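Accompanying notes for the structure given below.
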Amino acid sequence: MTKYQDSIDLYSDDGKLLKSGVSLNRIHPLINPATLKIVDLTKRTINVNLAGIEQALKGAKLGKGRILGRELNLPIMEHKDSLIERIHDMVQLEEGDDTDITEFNKGNLLLVKVPTQRLVGASTYDAAITSVASAVTYAIVDEFDVSPFDASTVKAAAWGSYPHTQDMEAALVTSILTIPQNNEGIGYALRNISVNHFVMMTGRNALQGAALSSTLETAAIFEMGCVGPFERNQLLCYAYQGLNANNMVYDIVKDNGQSGTVGTVVQSLVERALEDHVIKPGKKGGYFQFYDTEDPALWNAYVSAGTLAATIVNCGAGRFVQAVSATLLYFNDMIEHETGLPSSDFGRNMGTGVGFSFFSHSIYGGGGPGIFNGNHVVTRHASGVAIPCAVAAASMDGGTQMFSPEGTSKIMGETYGTIDVFRRPINQIAEGA
């Protein structure tokens, strides 16, 4: 890849300097060891709800329904150690490989890391969930000598309603990723993670959540073929918006946090861009002052960081996630009217806000921003700079959603939320740089 001259300082979510003079190349999701670990674990870690399987079998709650007469009363939790050993032996490929099973909540939840070689030898990341779901099914059948007539019930608890549905609907073996068939197009897999998942994985920390979502969004965009002149633009957006480069997001939020509005964040962002010589006054048109820039990519990164700051100021003040779409729209609309320059993602972030507001909570009322993701037909258009704002807003939400993070994504917090690169990605990425 091109060696860029850009250098940034990385700051933590509490405004403390972590690493100065970091080359832009060192935060590249395909180079930085922390981002590579995030991508790797996202693909090859699978949640197993052992206690949930026991309860589902006891009540014959299979898929999204209940099948009377198919109840199985199996003491799964009493045999968890034996089951874990069986699962490990089946998922493992070679003695001493990187297969690993971690227990949470006294073994009620398991996080299974399948061996890297399963993914290397596969065409898609399906290999992780299929191997674990199969191993869980076989482990229970073998452990309790389940008859051939009841084995399908055990399978349904692990696999959900698949193959009657395209995906593993209501399965108790789950991945952070959805199946490839649900991706909107080439390279969208890492963008197909819901906002609420990021909120819970980072413990409702707005800047860490934005960083984690930005990391996976950016990795996905590189998977789509982001090369040449597009690469630096994407890396700059990732740095300034996702990783709080030069403490910009933190500083602007701090300056506007007490009594600021979306409009005052516009002023702060323009002042910062002028101070840093990213933009300069251009021609005048009557009373209107146009601005010019010799570095559109850096301006795009600044205005994307400003969009996140405006979201935190606005949605944080009201403790409501619902305003995120309006903030995406009107912060960027005001930026264009204030400067005459393109807004975040050269207008696509503003356009995303229009559809987002309608589908998330307006006339259509789809259920709230927390269940959206970067793969969604409404939010896919902004190149990785819309979802981090939604994650930050949902992190500060005070309970306005129909589908709360605790309701949709609790398991993500209890498992991935214990892993440093997921819980505190800014710090880990700075260290990796």
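Here's how to read the names in the structure tokens: chain A, B, ... by the order shown, residue numbers from 1 in each chain, ligand numbers from 1 in the order shown.
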If we count only C-alpha atoms, what is near A:Gly228 at a cut-off of 12 Å, once residues fewer than 6 positions away on the same chain are taken out, given as a list of chain:residue names? A:Met1, A:Thr2, A:Lys3, A:Tyr4, A:Phe222, A:Gln234, A:Leu235
At a cut-off of 9 Å, using only C-alpha atoms, what residues contact A:Met201? Leave out same-chain residues fewer than 6 positions from it and give the result as JSON, numbers by chain. {"A": [209, 212, 409, 410, 411, 412, 413, 414, 415, 416, 417, 418, 419, 422, 423]}
Got a sec: who's within 7 Å of A:Val112, counting only C-alpha atoms, leaving out chain neighbours fewer than 5 positions off, as a PDB file with C-alpha atoms, in the first residue's frame?
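Output (selection08.pdb):
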```
ATOM      1  CA  THR A  45     -15.837 -16.871  17.969  1.00  0.00           C
ATOM      2  CA  ILE A  46     -19.259 -18.394  18.590  1.00  0.00           C
ATOM      3  CA  ASN A  47     -21.618 -18.014  21.558  1.00  0.00           C
ATOM      4  CA  ASP A 100     -10.442 -22.380  22.962  1.00  0.00           C
ATOM      5  CA  ILE A 101     -13.621 -22.421  25.064  1.00  0.00           C
ATOM      6  CA  THR A 102     -14.228 -19.779  27.725  1.00  0.00           C
TER       7      THR A 102
END
```
Need the shell around A:Gly355: protein/DNA/RNA residues with any atom at most 10 Å away, counting only C-alpha atoms. Skip same-chain ones fewer than 5 positions apart. Format as a list in words?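 My list of contacting residues is Ser325, Leu329, Met350, Ser360, Ser362, Val377, Val378 and Thr379 of chain A.
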With N, CA and C atoms retained, write the just-selected residues as a PDB file, in the first residue's frame.
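The new file result.pdb reads:
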```pdb
ATOM      1  N   SER A 325     -30.415  10.215  13.547  1.00  0.00           N
ATOM      2  CA  SER A 325     -30.612  10.374  12.102  1.00  0.00           C
ATOM      3  C   SER A 325     -30.791  11.839  11.726  1.00  0.00           C
ATOM      4  N   LEU A 329     -28.298  14.324   9.360  1.00  0.00           N
ATOM      5  CA  LEU A 329     -28.839  15.136   8.277  1.00  0.00           C
ATOM      6  C   LEU A 329     -28.497  16.618   8.477  1.00  0.00           C
ATOM      7  N   MET A 350     -25.313  12.686   4.971  1.00  0.00           N
ATOM      8  CA  MET A 350     -26.546  13.465   5.072  1.00  0.00           C
ATOM      9  C   MET A 350     -27.704  12.711   4.411  1.00  0.00           C
ATOM     10  N   SER A 360     -36.307   4.332  10.939  1.00  0.00           N
ATOM     11  CA  SER A 360     -36.018   3.945  12.318  1.00  0.00           C
ATOM     12  C   SER A 360     -37.119   4.357  13.289  1.00  0.00           C
ATOM     13  N   SER A 362     -39.951   7.104  12.281  1.00  0.00           N
ATOM     14  CA  SER A 362     -40.928   8.078  11.784  1.00  0.00           C
ATOM     15  C   SER A 362     -42.241   7.371  11.447  1.00  0.00           C
ATOM     16  N   VAL A 377     -30.228  -1.733   4.169  1.00  0.00           N
ATOM     17  CA  VAL A 377     -30.487  -0.995   2.926  1.00  0.00           C
ATOM     18  C   VAL A 377     -30.619   0.507   3.172  1.00  0.00           C
ATOM     19  N   VAL A 378     -30.959   0.912   4.385  1.00  0.00           N
ATOM     20  CA  VAL A 378     -31.102   2.330   4.714  1.00  0.00           C
ATOM     21  C   VAL A 378     -29.759   2.949   5.091  1.00  0.00           C
ATOM     22  N   THR A 379     -28.925   2.225   5.814  1.00  0.00           N
ATOM     23  CA  THR A 379     -27.722   2.824   6.401  1.00  0.00           C
ATOM     24  C   THR A 379     -26.423   2.404   5.711  1.00  0.00           C
TER      25      THR A 379
END
```
Neighbours of stretch 179-190 of chain A within 12 Å (only C-alpha atoms; same-chain residues fewer than 3 positions away dropped), as a ChimeraX atom specification? /A:29,38-43,123-130,162,165-169,174-176,193-194,212-226,373-381,383-384
Please indicate the distance in Å from atom CA of A:Gly21 to atom CA of A:Ala273, rounded to one decimal place. 19.3 Å
Among the residues A:Ser268, A:Ser131, A:Thr99, A:Thr408, the one that comes closest to A:Phe198 [using only C-alpha atoms]: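 The closest residue to A:Phe198 is A:Thr408.
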Would you return as a CSV table (one decimal) with all heavy atoms, in the first residue's frame the members of stretch 29-163 of chain A that DSSP assigns to strand (DSSP E or B) on this structure's backbone?
```csv
chain,number,residue,atom,x,y,z
A,45,THR,N,-15.3,-16.6,16.6
A,45,THR,CA,-15.8,-16.9,18.0
A,45,THR,C,-17.4,-17.0,17.9
A,45,THR,O,-18.0,-16.3,17.2
A,45,THR,CB,-15.5,-15.7,18.9
A,45,THR,OG1,-15.8,-14.5,18.3
A,45,THR,CG2,-14.0,-15.7,19.3
A,46,ILE,N,-17.8,-18.0,18.6
A,46,ILE,CA,-19.3,-18.4,18.6
A,46,ILE,C,-19.8,-18.5,20.0
A,46,ILE,O,-19.2,-19.1,20.9
A,46,ILE,CB,-19.5,-19.8,17.9
A,46,ILE,CG1,-18.9,-19.7,16.4
A,46,ILE,CG2,-20.9,-20.1,17.8
A,46,ILE,CD1,-19.6,-18.7,15.5
A,47,ASN,N,-21.0,-17.9,20.3
A,47,ASN,CA,-21.6,-18.0,21.6
A,47,ASN,C,-22.5,-19.3,21.6
A,47,ASN,O,-23.2,-19.6,20.7
A,47,ASN,CB,-22.6,-16.8,21.8
A,47,ASN,CG,-21.8,-15.5,22.0
A,47,ASN,OD1,-21.0,-15.5,22.9
A,47,ASN,ND2,-22.1,-14.5,21.2
A,48,VAL,N,-22.4,-20.0,22.8
A,48,VAL,CA,-23.2,-21.1,23.0
A,48,VAL,C,-24.0,-20.9,24.3
A,48,VAL,O,-23.3,-20.7,25.4
A,48,VAL,CB,-22.4,-22.4,23.1
A,48,VAL,CG1,-23.3,-23.6,23.4
A,48,VAL,CG2,-21.6,-22.7,21.8
A,49,ASN,N,-25.3,-20.8,24.3
A,49,ASN,CA,-26.1,-20.6,25.4
A,49,ASN,C,-26.5,-21.9,26.0
A,49,ASN,O,-27.6,-22.4,25.7
A,49,ASN,CB,-27.3,-19.7,25.1
A,49,ASN,CG,-28.1,-19.3,26.3
A,49,ASN,OD1,-27.9,-19.8,27.4
A,49,ASN,ND2,-29.0,-18.3,26.1
A,61,LYS,N,-39.3,-25.4,23.3
A,61,LYS,CA,-39.3,-24.1,22.6
A,61,LYS,C,-38.2,-24.1,21.6
A,61,LYS,O,-37.0,-23.8,21.9
A,61,LYS,CB,-39.1,-22.9,23.6
A,61,LYS,CG,-40.3,-22.8,24.6
A,61,LYS,CD,-40.0,-21.7,25.6
A,61,LYS,CE,-41.2,-21.6,26.6
A,61,LYS,NZ,-40.9,-20.6,27.6
A,62,LEU,N,-38.6,-24.4,20.4
A,62,LEU,CA,-37.6,-24.7,19.3
A,62,LEU,C,-37.8,-23.7,18.2
A,62,LEU,O,-39.0,-23.4,17.8
A,62,LEU,CB,-37.8,-26.1,18.8
A,62,LEU,CG,-37.7,-27.2,19.9
A,62,LEU,CD1,-38.1,-28.5,19.3
A,62,LEU,CD2,-36.3,-27.3,20.5
A,65,GLY,N,-41.0,-21.1,17.9
A,65,GLY,CA,-42.2,-21.6,18.4
A,65,GLY,C,-42.1,-22.6,19.5
A,65,GLY,O,-41.0,-22.8,20.1
A,66,ARG,N,-43.1,-23.4,19.7
A,66,ARG,CA,-43.1,-24.4,20.7
A,66,ARG,C,-43.8,-25.7,20.1
A,66,ARG,O,-44.9,-25.5,19.5
A,66,ARG,CB,-43.8,-24.0,22.0
A,66,ARG,CG,-43.7,-25.0,23.1
A,66,ARG,CD,-44.4,-24.5,24.4
A,66,ARG,NE,-44.2,-25.5,25.4
A,66,ARG,CZ,-45.0,-25.5,26.6
A,66,ARG,NH1,-45.9,-24.6,26.7
A,66,ARG,NH2,-44.8,-26.4,27.5
A,100,ASP,N,-10.3,-22.8,21.6
A,100,ASP,CA,-10.4,-22.4,23.0
A,100,ASP,C,-11.9,-22.2,23.3
A,100,ASP,O,-12.7,-21.8,22.5
A,100,ASP,CB,-9.7,-21.1,23.2
A,100,ASP,CG,-9.7,-20.6,24.7
A,100,ASP,OD1,-9.2,-21.4,25.5
A,100,ASP,OD2,-10.3,-19.6,25.0
A,101,ILE,N,-12.3,-22.6,24.6
A,101,ILE,CA,-13.6,-22.4,25.1
A,101,ILE,C,-13.5,-21.7,26.4
A,101,ILE,O,-12.9,-22.2,27.3
A,101,ILE,CB,-14.4,-23.8,25.2
A,101,ILE,CG1,-14.5,-24.5,23.9
A,101,ILE,CG2,-15.8,-23.5,25.8
A,101,ILE,CD1,-15.2,-25.8,23.9
A,102,THR,N,-14.2,-20.6,26.5
A,102,THR,CA,-14.2,-19.8,27.7
A,102,THR,C,-15.6,-19.8,28.3
A,102,THR,O,-16.6,-19.7,27.6
A,102,THR,CB,-13.8,-18.3,27.5
A,102,THR,OG1,-12.6,-18.3,26.7
A,102,THR,CG2,-13.7,-17.5,28.7
A,103,GLU,N,-15.7,-20.0,29.6
A,103,GLU,CA,-17.0,-20.1,30.3
A,103,GLU,C,-17.4,-18.8,30.9
A,103,GLU,O,-16.5,-18.0,31.4
A,103,GLU,CB,-17.0,-21.1,31.4
A,103,GLU,CG,-16.7,-22.6,31.0
A,103,GLU,CD,-16.8,-23.5,32.2
A,103,GLU,OE1,-17.7,-23.4,33.0
A,103,GLU,OE2,-15.8,-24.4,32.2
A,104,PHE,N,-18.6,-18.4,30.9
A,104,PHE,CA,-19.1,-17.2,31.5
A,104,PHE,C,-20.4,-17.6,32.3
A,104,PHE,O,-21.1,-18.5,32.0
A,104,PHE,CB,-19.5,-16.2,30.4
A,104,PHE,CG,-18.4,-15.7,29.6
A,104,PHE,CD1,-18.1,-16.3,28.3
A,104,PHE,CD2,-17.5,-14.7,30.0
A,104,PHE,CE1,-17.1,-15.9,27.6
A,104,PHE,CE2,-16.5,-14.3,29.2
A,104,PHE,CZ,-16.2,-14.9,28.0
A,109,LEU,N,-23.0,-19.7,29.8
A,109,LEU,CA,-22.6,-19.2,28.4
A,109,LEU,C,-21.2,-19.7,28.1
A,109,LEU,O,-20.4,-19.7,29.0
A,109,LEU,CB,-22.6,-17.7,28.4
A,109,LEU,CG,-24.0,-17.0,28.3
A,109,LEU,CD1,-23.7,-15.5,28.4
A,109,LEU,CD2,-24.8,-17.3,27.1
A,110,LEU,N,-21.0,-20.1,26.9
A,110,LEU,CA,-19.7,-20.4,26.4
A,110,LEU,C,-19.3,-19.5,25.2
A,110,LEU,O,-20.2,-19.2,24.4
A,110,LEU,CB,-19.6,-21.9,25.9
A,110,LEU,CG,-20.1,-23.0,26.9
A,110,LEU,CD1,-20.0,-24.3,26.2
A,110,LEU,CD2,-19.4,-23.0,28.2
A,111,LEU,N,-18.0,-19.2,25.1
A,111,LEU,CA,-17.5,-18.5,23.9
A,111,LEU,C,-16.5,-19.5,23.3
A,111,LEU,O,-15.4,-19.7,23.9
A,111,LEU,CB,-16.9,-17.2,24.3
A,111,LEU,CG,-16.6,-16.3,23.1
A,111,LEU,CD1,-17.9,-15.8,22.4
A,111,LEU,CD2,-15.8,-15.0,23.5
A,112,VAL,N,-16.8,-20.0,22.2
A,112,VAL,CA,-16.0,-21.0,21.5
A,112,VAL,C,-15.2,-20.3,20.4
A,112,VAL,O,-15.8,-19.7,19.5
A,112,VAL,CB,-16.8,-22.1,20.9
A,112,VAL,CG1,-15.9,-23.2,20.3
A,112,VAL,CG2,-17.7,-22.8,22.0
A,113,LYS,N,-13.9,-20.4,20.5
A,113,LYS,CA,-13.0,-19.9,19.4
A,113,LYS,C,-12.6,-21.1,18.6
A,113,LYS,O,-11.9,-22.0,19.0
A,113,LYS,CB,-11.7,-19.3,20.0
A,113,LYS,CG,-12.0,-18.0,20.8
A,113,LYS,CD,-10.7,-17.5,21.4
A,113,LYS,CE,-11.0,-16.3,22.3
A,113,LYS,NZ,-9.8,-15.9,23.1
```
Find the residues of stretch 272-301 of chain A that sit at most 10 Å from stretch 340-343 of chain A; for each, write down the nearest two atoms and how far apart they are in Å, to one decimal. Count only C-alpha atoms. Sort by chain, then by number going up, and give it as a tab-separated table.
```
residue	atom	partner	partner_atom	distance
A:Ile279	CA	A:Leu341	CA	9.4
A:Gly282	CA	A:Gly340	CA	9.7
A:Phe288	CA	A:Gly340	CA	9.1
A:Gln289	CA	A:Gly340	CA	8.2
A:Phe290	CA	A:Gly340	CA	5.4
A:Tyr291	CA	A:Gly340	CA	6.3
A:Asp292	CA	A:Leu341	CA	7.2
A:Thr293	CA	A:Leu341	CA	8.2
A:Pro296	CA	A:Pro342	CA	8.5
A:Trp299	CA	A:Pro342	CA	8.7
A:Asn300	CA	A:Ser343	CA	7.0
A:Ala301	CA	A:Ser343	CA	9.9
```
Output file for the selection above: N, CA, C and O atoms, as a PDB file, in the first residue's frame:
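Final output, saved to out-v1.pdb:
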```
ATOM      1  N   ILE A 279      -8.929  24.157   5.903  1.00  0.00           N
ATOM      2  CA  ILE A 279      -9.691  25.002   4.998  1.00  0.00           C
ATOM      3  C   ILE A 279      -9.196  26.436   5.143  1.00  0.00           C
ATOM      4  O   ILE A 279      -8.533  26.790   6.132  1.00  0.00           O
ATOM      5  N   GLY A 282     -12.287  31.485   0.935  1.00  0.00           N
ATOM      6  CA  GLY A 282     -12.198  31.607  -0.516  1.00  0.00           C
ATOM      7  C   GLY A 282     -12.918  32.853  -0.990  1.00  0.00           C
ATOM      8  O   GLY A 282     -12.872  33.899  -0.331  1.00  0.00           O
ATOM      9  N   PHE A 288     -22.093  36.014   1.684  1.00  0.00           N
ATOM     10  CA  PHE A 288     -21.677  34.646   2.025  1.00  0.00           C
ATOM     11  C   PHE A 288     -20.187  34.439   1.795  1.00  0.00           C
ATOM     12  O   PHE A 288     -19.645  34.793   0.745  1.00  0.00           O
ATOM     13  N   GLN A 289     -19.511  33.868   2.799  1.00  0.00           N
ATOM     14  CA  GLN A 289     -18.093  33.535   2.705  1.00  0.00           C
ATOM     15  C   GLN A 289     -17.921  32.067   2.323  1.00  0.00           C
ATOM     16  O   GLN A 289     -18.264  31.174   3.093  1.00  0.00           O
ATOM     17  N   PHE A 290     -17.424  31.818   1.115  1.00  0.00           N
ATOM     18  CA  PHE A 290     -17.084  30.464   0.723  1.00  0.00           C
ATOM     19  C   PHE A 290     -15.728  30.084   1.319  1.00  0.00           C
ATOM     20  O   PHE A 290     -14.890  30.945   1.577  1.00  0.00           O
ATOM     21  N   TYR A 291     -15.526  28.774   1.512  1.00  0.00           N
ATOM     22  CA  TYR A 291     -14.227  28.280   1.973  1.00  0.00           C
ATOM     23  C   TYR A 291     -13.674  27.315   0.931  1.00  0.00           C
ATOM     24  O   TYR A 291     -14.418  26.666   0.188  1.00  0.00           O
ATOM     25  N   ASP A 292     -12.345  27.225   0.912  1.00  0.00           N
ATOM     26  CA  ASP A 292     -11.657  26.311   0.005  1.00  0.00           C
ATOM     27  C   ASP A 292     -10.816  25.322   0.812  1.00  0.00           C
ATOM     28  O   ASP A 292     -10.435  25.604   1.951  1.00  0.00           O
ATOM     29  N   THR A 293     -10.508  24.198   0.197  1.00  0.00           N
ATOM     30  CA  THR A 293      -9.574  23.233   0.806  1.00  0.00           C
ATOM     31  C   THR A 293      -8.686  22.644  -0.273  1.00  0.00           C
ATOM     32  O   THR A 293      -9.135  22.425  -1.408  1.00  0.00           O
ATOM     33  N   PRO A 296      -9.298  17.622   0.181  1.00  0.00           N
ATOM     34  CA  PRO A 296     -10.693  17.204   0.404  1.00  0.00           C
ATOM     35  C   PRO A 296     -10.834  15.996   1.321  1.00  0.00           C
ATOM     36  O   PRO A 296     -11.794  15.901   2.083  1.00  0.00           O
ATOM     37  N   TRP A 299     -10.456  17.198   4.925  1.00  0.00           N
ATOM     38  CA  TRP A 299     -11.686  17.918   5.278  1.00  0.00           C
ATOM     39  C   TRP A 299     -12.816  16.928   5.541  1.00  0.00           C
ATOM     40  O   TRP A 299     -13.593  17.082   6.496  1.00  0.00           O
ATOM     41  N   ASN A 300     -12.905  15.898   4.714  1.00  0.00           N
ATOM     42  CA  ASN A 300     -13.943  14.891   4.901  1.00  0.00           C
ATOM     43  C   ASN A 300     -13.799  14.206   6.255  1.00  0.00           C
ATOM     44  O   ASN A 300     -14.790  13.924   6.936  1.00  0.00           O
ATOM     45  N   ALA A 301     -12.559  13.939   6.658  1.00  0.00           N
ATOM     46  CA  ALA A 301     -12.318  13.321   7.963  1.00  0.00           C
ATOM     47  C   ALA A 301     -12.724  14.270   9.087  1.00  0.00           C
ATOM     48  O   ALA A 301     -13.336  13.848  10.081  1.00  0.00           O
TER      49      ALA A 301
END
```
With a distance cut-off of 10 Å and only C-alpha atoms, select the neighbouring residues of A:Leu74, excluding the residue or stretch itself and same-chain residues fewer than 4 positions from it, and output the selection as a list in words. Ile53, Glu54, Gln55, Leu57, Lys58, Glu78, His79, Ile140, Glu143, Phe144 and Val146 of chain A
Just the selected residues (all heavy atoms), exported as a CSV table (one decimal), in the first residue's frame, please.
```
chain,number,residue,atom,x,y,z
A,53,ILE,N,-30.2,-23.7,26.1
A,53,ILE,CA,-30.5,-25.0,25.5
A,53,ILE,C,-31.3,-25.9,26.4
A,53,ILE,O,-32.3,-26.5,26.0
A,53,ILE,CB,-29.3,-25.6,24.9
A,53,ILE,CG1,-28.7,-24.8,23.7
A,53,ILE,CG2,-29.5,-27.1,24.5
A,53,ILE,CD1,-27.4,-25.3,23.2
A,54,GLU,N,-30.8,-26.0,27.7
A,54,GLU,CA,-31.5,-26.9,28.6
A,54,GLU,C,-32.9,-26.4,28.8
A,54,GLU,O,-33.8,-27.3,28.8
A,54,GLU,CB,-30.7,-26.8,30.0
A,54,GLU,CG,-31.4,-27.7,31.1
A,54,GLU,CD,-30.6,-27.7,32.4
A,54,GLU,OE1,-29.4,-27.8,32.3
A,54,GLU,OE2,-31.2,-27.6,33.4
A,55,GLN,N,-33.1,-25.1,29.0
A,55,GLN,CA,-34.5,-24.6,29.2
A,55,GLN,C,-35.4,-24.8,27.9
A,55,GLN,O,-36.6,-25.1,28.0
A,55,GLN,CB,-34.5,-23.1,29.6
A,55,GLN,CG,-33.9,-22.9,31.0
A,55,GLN,CD,-34.6,-23.7,32.1
A,55,GLN,OE1,-35.8,-23.7,32.2
A,55,GLN,NE2,-33.8,-24.4,32.9
A,57,LEU,N,-35.1,-27.1,25.6
A,57,LEU,CA,-35.5,-28.5,25.5
A,57,LEU,C,-36.5,-28.9,26.5
A,57,LEU,O,-37.5,-29.6,26.2
A,57,LEU,CB,-34.2,-29.4,25.6
A,57,LEU,CG,-33.2,-29.3,24.5
A,57,LEU,CD1,-32.0,-30.1,24.9
A,57,LEU,CD2,-33.8,-29.8,23.2
A,58,LYS,N,-36.4,-28.4,27.7
A,58,LYS,CA,-37.4,-28.7,28.7
A,58,LYS,C,-38.8,-28.2,28.3
A,58,LYS,O,-39.8,-28.9,28.6
A,58,LYS,CB,-37.0,-28.0,30.0
A,58,LYS,CG,-37.7,-28.6,31.3
A,58,LYS,CD,-37.2,-27.9,32.5
A,58,LYS,CE,-35.8,-28.5,32.8
A,58,LYS,NZ,-35.3,-28.0,34.2
A,78,GLU,N,-25.6,-29.8,34.7
A,78,GLU,CA,-24.9,-30.7,35.6
A,78,GLU,C,-23.8,-31.4,34.9
A,78,GLU,O,-22.8,-31.8,35.5
A,78,GLU,CB,-25.9,-31.7,36.1
A,78,GLU,CG,-26.9,-31.2,37.1
A,78,GLU,CD,-27.9,-32.2,37.6
A,78,GLU,OE1,-27.5,-33.4,37.6
A,78,GLU,OE2,-29.0,-31.9,38.0
A,79,HIS,N,-23.9,-31.5,33.6
A,79,HIS,CA,-22.9,-32.2,32.8
A,79,HIS,C,-22.0,-31.2,31.9
A,79,HIS,O,-21.4,-31.7,31.0
A,79,HIS,CB,-23.6,-33.2,31.8
A,79,HIS,CG,-24.2,-34.4,32.5
A,79,HIS,ND1,-23.8,-35.7,32.3
A,79,HIS,CD2,-25.2,-34.4,33.4
A,79,HIS,CE1,-24.6,-36.5,33.0
A,79,HIS,NE2,-25.4,-35.8,33.7
A,140,ILE,N,-24.4,-33.2,23.0
A,140,ILE,CA,-25.6,-33.5,23.9
A,140,ILE,C,-26.2,-34.9,23.6
A,140,ILE,O,-26.5,-35.6,24.5
A,140,ILE,CB,-26.6,-32.4,23.7
A,140,ILE,CG1,-26.1,-31.0,24.2
A,140,ILE,CG2,-28.0,-32.7,24.4
A,140,ILE,CD1,-26.9,-29.8,23.9
A,143,GLU,N,-23.7,-37.4,25.0
A,143,GLU,CA,-23.7,-37.4,26.5
A,143,GLU,C,-24.9,-38.0,27.1
A,143,GLU,O,-24.7,-38.8,28.1
A,143,GLU,CB,-23.5,-35.9,27.0
A,143,GLU,CG,-23.4,-35.7,28.5
A,143,GLU,CD,-22.1,-36.1,29.0
A,143,GLU,OE1,-21.1,-36.2,28.3
A,143,GLU,OE2,-22.0,-36.3,30.3
A,144,PHE,N,-26.0,-37.8,26.6
A,144,PHE,CA,-27.3,-38.3,27.2
A,144,PHE,C,-27.9,-39.5,26.4
A,144,PHE,O,-29.0,-39.9,26.7
A,144,PHE,CB,-28.3,-37.2,27.3
A,144,PHE,CG,-27.8,-36.0,28.2
A,144,PHE,CD1,-27.4,-34.8,27.6
A,144,PHE,CD2,-27.7,-36.2,29.6
A,144,PHE,CE1,-26.9,-33.8,28.4
A,144,PHE,CE2,-27.2,-35.2,30.4
A,144,PHE,CZ,-26.8,-34.0,29.8
A,146,VAL,N,-29.2,-39.7,23.5
A,146,VAL,CA,-30.5,-39.3,23.0
A,146,VAL,C,-30.9,-40.2,21.8
A,146,VAL,O,-30.0,-40.5,20.9
A,146,VAL,CB,-30.5,-37.8,22.5
A,146,VAL,CG1,-31.8,-37.4,21.9
A,146,VAL,CG2,-30.2,-36.9,23.7
```
